[in-house]
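Notes follow once the structure below has been shown.
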Amino acid sequence: MSSELLGQRCVAEEIRLNPRFLAVYKFAVEELMTKLRILSEEFDLVHRHDPIEHISSRVKRPEAIEDKVRRRGLATDLPAIAEGLDDMAGVRVVCPFVSDVYTVAEMLTGQDDVELLRRKDYIAAPKGNGYRSLHLIVRIPVFLSDRVERVKVEVQLRTIAMDFWATLEHKLSYKYESQVPGDFATELADVATLAAHLDSRMQNLHHRLH
């Protein structure tokens, strides 16, 4: 067995032996969730419209990190993993309307301590399977007792319709181990189109009301 393969198989164990490694991602998620909740409440008070329906978060499990490190052929030391993976920590923001997605993204990235590293707009240019969402990779400071760490977090912003579609697609992909039958894939693509039309119509109604 090669030392490289052995190292990759020990990644999860190494992470468990260094609890501060994942702790900073947990703290970064909490920091980002607080920012989003403040924006949500302040916007609701000023504009009487909350652009955030709900927020969820997660930090990858050690086994999931190990699997991704192995699949991508990354170096197995913890600093290299932190540099090589952008989605160790994730926050998902579900919004009522498409315009809200861009409003929240602009408000969040406009804050002085939020550094935007990358942006992928799968709403303007959906994936081939119909997936739509706005992805941001941001970096924010986490203040620890002895240092400040700037931590990457992936933020996914989407509408309720996009989130419903993505949840269904994820369940089907998991069930069929990413080999979704052709008829299911076609139906999912059609449903994604319908969801986009629904978002457009709901957005128009929202504009008419306001």
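Chain labels follow the order of the structure tokens: the first chain is A, the next B, and so on; residue numbering restarts at 1 in every chain, and ligands are counted from 1 in their shown order.
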
If DSSP is run on the backbone, what residues of region 11-144 of chain A are alpha helix (DSSP H)? A reply as a VMD selection string would be ideal. chain A and resid 11 to 17 19 to 47 62 to 72 78 to 84 98 to 109

Name the closest residue to Ile140 (chain A) among the candidates A:Ile65, A:Val24, A:Ile52, A:Val191; distances are taken between atoms, counting only C-alpha atoms.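 The closest residue to Ile140 (chain A) is A:Val24.
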
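In this structure, CA of Leu116 (chain A) sits 26.4 Å away from CA of Asp199 (chain A).
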
Just checking: using only C-alpha atoms, which residue out of A:Leu144, A:Ala23, A:Val101, A:Leu194 ends up closest to Ala89 (chain A)?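 Of A:Leu144, A:Ala23, A:Val101, A:Leu194, the one nearest Ala89 (chain A), counting only C-alpha atoms, is A:Ala23.
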
Just checking: using only C-alpha atoms, which residue out of A:Val104, A:Ala192, A:Leu168, A:Val155 ends up closest to Ile38 (chain A)? A:Val104

Using only C-alpha atoms: which of A:Val59, A:Leu198, A:Ala75, A:Ala28 has the shortest distance to Thr159 (chain A):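 That would be A:Leu198, the residue with the smallest distance to Thr159 (chain A).
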
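Take the candidates A:Phe143, A:Phe21, A:Trp165, A:Tyr102 and check each one against Gly130 (chain A) using only C-alpha atoms; the shortest distance goes to A:Trp165.
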
Judged by only C-alpha atoms, the minimum distance to Arg37 (chain A) among A:Arg16, A:Glu66, A:Leu108, A:Lys171 is found for A:Leu108

Taking the DSSP secondary structure from the backbone, can you list the residues of region 30-184 of chain A that are strand (DSSP E), as a ChimeraX atom specification? /A:54-59,89-95,115-121,134-143,148-159

Take the residues just selected and output them with C-alpha atoms as a PDB file, in the first residue's frame.
```pdb
ATOM      1  CA  HIS A  54     -35.024  30.302   5.761  1.00  0.00           C
ATOM      2  CA  ILE A  55     -31.354  29.488   6.298  1.00  0.00           C
ATOM      3  CA  SER A  56     -29.581  26.183   6.891  1.00  0.00           C
ATOM      4  CA  SER A  57     -25.945  25.227   7.333  1.00  0.00           C
ATOM      5  CA  ARG A  58     -23.575  22.308   7.558  1.00  0.00           C
ATOM      6  CA  VAL A  59     -19.915  21.470   8.094  1.00  0.00           C
ATOM      7  CA  ALA A  89     -18.529  24.712   5.450  1.00  0.00           C
ATOM      8  CA  GLY A  90     -21.746  25.640   3.706  1.00  0.00           C
ATOM      9  CA  VAL A  91     -24.705  27.951   4.241  1.00  0.00           C
ATOM     10  CA  ARG A  92     -27.887  27.696   2.188  1.00  0.00           C
ATOM     11  CA  VAL A  93     -30.158  30.712   1.896  1.00  0.00           C
ATOM     12  CA  VAL A  94     -33.659  30.170   0.506  1.00  0.00           C
ATOM     13  CA  CYS A  95     -35.418  33.295  -0.733  1.00  0.00           C
ATOM     14  CA  GLU A 115     -14.252  38.717   1.051  1.00  0.00           C
ATOM     15  CA  LEU A 116     -15.777  37.341  -2.153  1.00  0.00           C
ATOM     16  CA  LEU A 117     -13.447  34.752  -3.678  1.00  0.00           C
ATOM     17  CA  ARG A 118     -15.628  33.204  -6.390  1.00  0.00           C
ATOM     18  CA  ARG A 119     -19.137  33.515  -7.790  1.00  0.00           C
ATOM     19  CA  LYS A 120     -21.001  31.012  -9.982  1.00  0.00           C
ATOM     20  CA  ASP A 121     -24.412  32.062 -11.240  1.00  0.00           C
ATOM     21  CA  LEU A 134     -26.281  31.293  -7.040  1.00  0.00           C
ATOM     22  CA  HIS A 135     -23.043  30.058  -5.456  1.00  0.00           C
ATOM     23  CA  LEU A 136     -20.620  32.294  -3.586  1.00  0.00           C
ATOM     24  CA  ILE A 137     -17.310  31.340  -2.019  1.00  0.00           C
ATOM     25  CA  VAL A 138     -16.574  33.890   0.676  1.00  0.00           C
ATOM     26  CA  ARG A 139     -13.916  34.225   3.328  1.00  0.00           C
ATOM     27  CA  ILE A 140     -14.656  35.725   6.734  1.00  0.00           C
ATOM     28  CA  PRO A 141     -12.562  36.302   9.873  1.00  0.00           C
ATOM     29  CA  VAL A 142     -12.992  34.074  12.903  1.00  0.00           C
ATOM     30  CA  PHE A 143     -11.594  35.575  16.101  1.00  0.00           C
ATOM     31  CA  VAL A 148      -7.621  35.379  13.780  1.00  0.00           C
ATOM     32  CA  GLU A 149      -8.323  32.875  11.025  1.00  0.00           C
ATOM     33  CA  ARG A 150      -9.904  33.776   7.701  1.00  0.00           C
ATOM     34  CA  VAL A 151     -12.170  30.868   6.802  1.00  0.00           C
ATOM     35  CA  LYS A 152     -13.812  29.937   3.509  1.00  0.00           C
ATOM     36  CA  VAL A 153     -17.536  29.231   3.406  1.00  0.00           C
ATOM     37  CA  GLU A 154     -19.692  28.258   0.448  1.00  0.00           C
ATOM     38  CA  VAL A 155     -22.992  30.167   0.294  1.00  0.00           C
ATOM     39  CA  GLN A 156     -25.800  28.835  -1.905  1.00  0.00           C
ATOM     40  CA  LEU A 157     -28.690  31.190  -2.565  1.00  0.00           C
ATOM     41  CA  ARG A 158     -31.855  29.995  -4.291  1.00  0.00           C
ATOM     42  CA  THR A 159     -35.612  30.423  -4.408  1.00  0.00           C
TER      43      THR A 159
END
```

10 Å contact set for Leu78 (chain A), only C-alpha atoms, chain neighbours under 6 positions out, as a compact mmCIF listing (two decimals) with C-alpha atoms, in the first residue's frame:
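Saved as out-v9.txt:
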```txt
# COMPACT_ATOMS: atom_id res chain seq x y z
CA VAL A 11 -7.49 12.00 6.79
CA GLU A 14 -6.23 13.18 11.51
CA ILE A 15 -9.15 15.63 11.55
CA ASN A 18 -7.23 18.05 15.61
CA PHE A 21 -9.58 22.21 12.43
CA GLY A 84 -7.93 22.96 -1.69
```

Env of Leu188 (chain A): 12 Å cut, atoms = only C-alpha atoms, seq-sep filter 3 positions within chain, self excluded. Answer as a PyMOL selection string. chain A and resi 128-131+162+164-173+180-185+191-195

In Å, how far is it from CA of Asp87 (chain A) to CA of Asp113 (chain A)? 19.1 Å
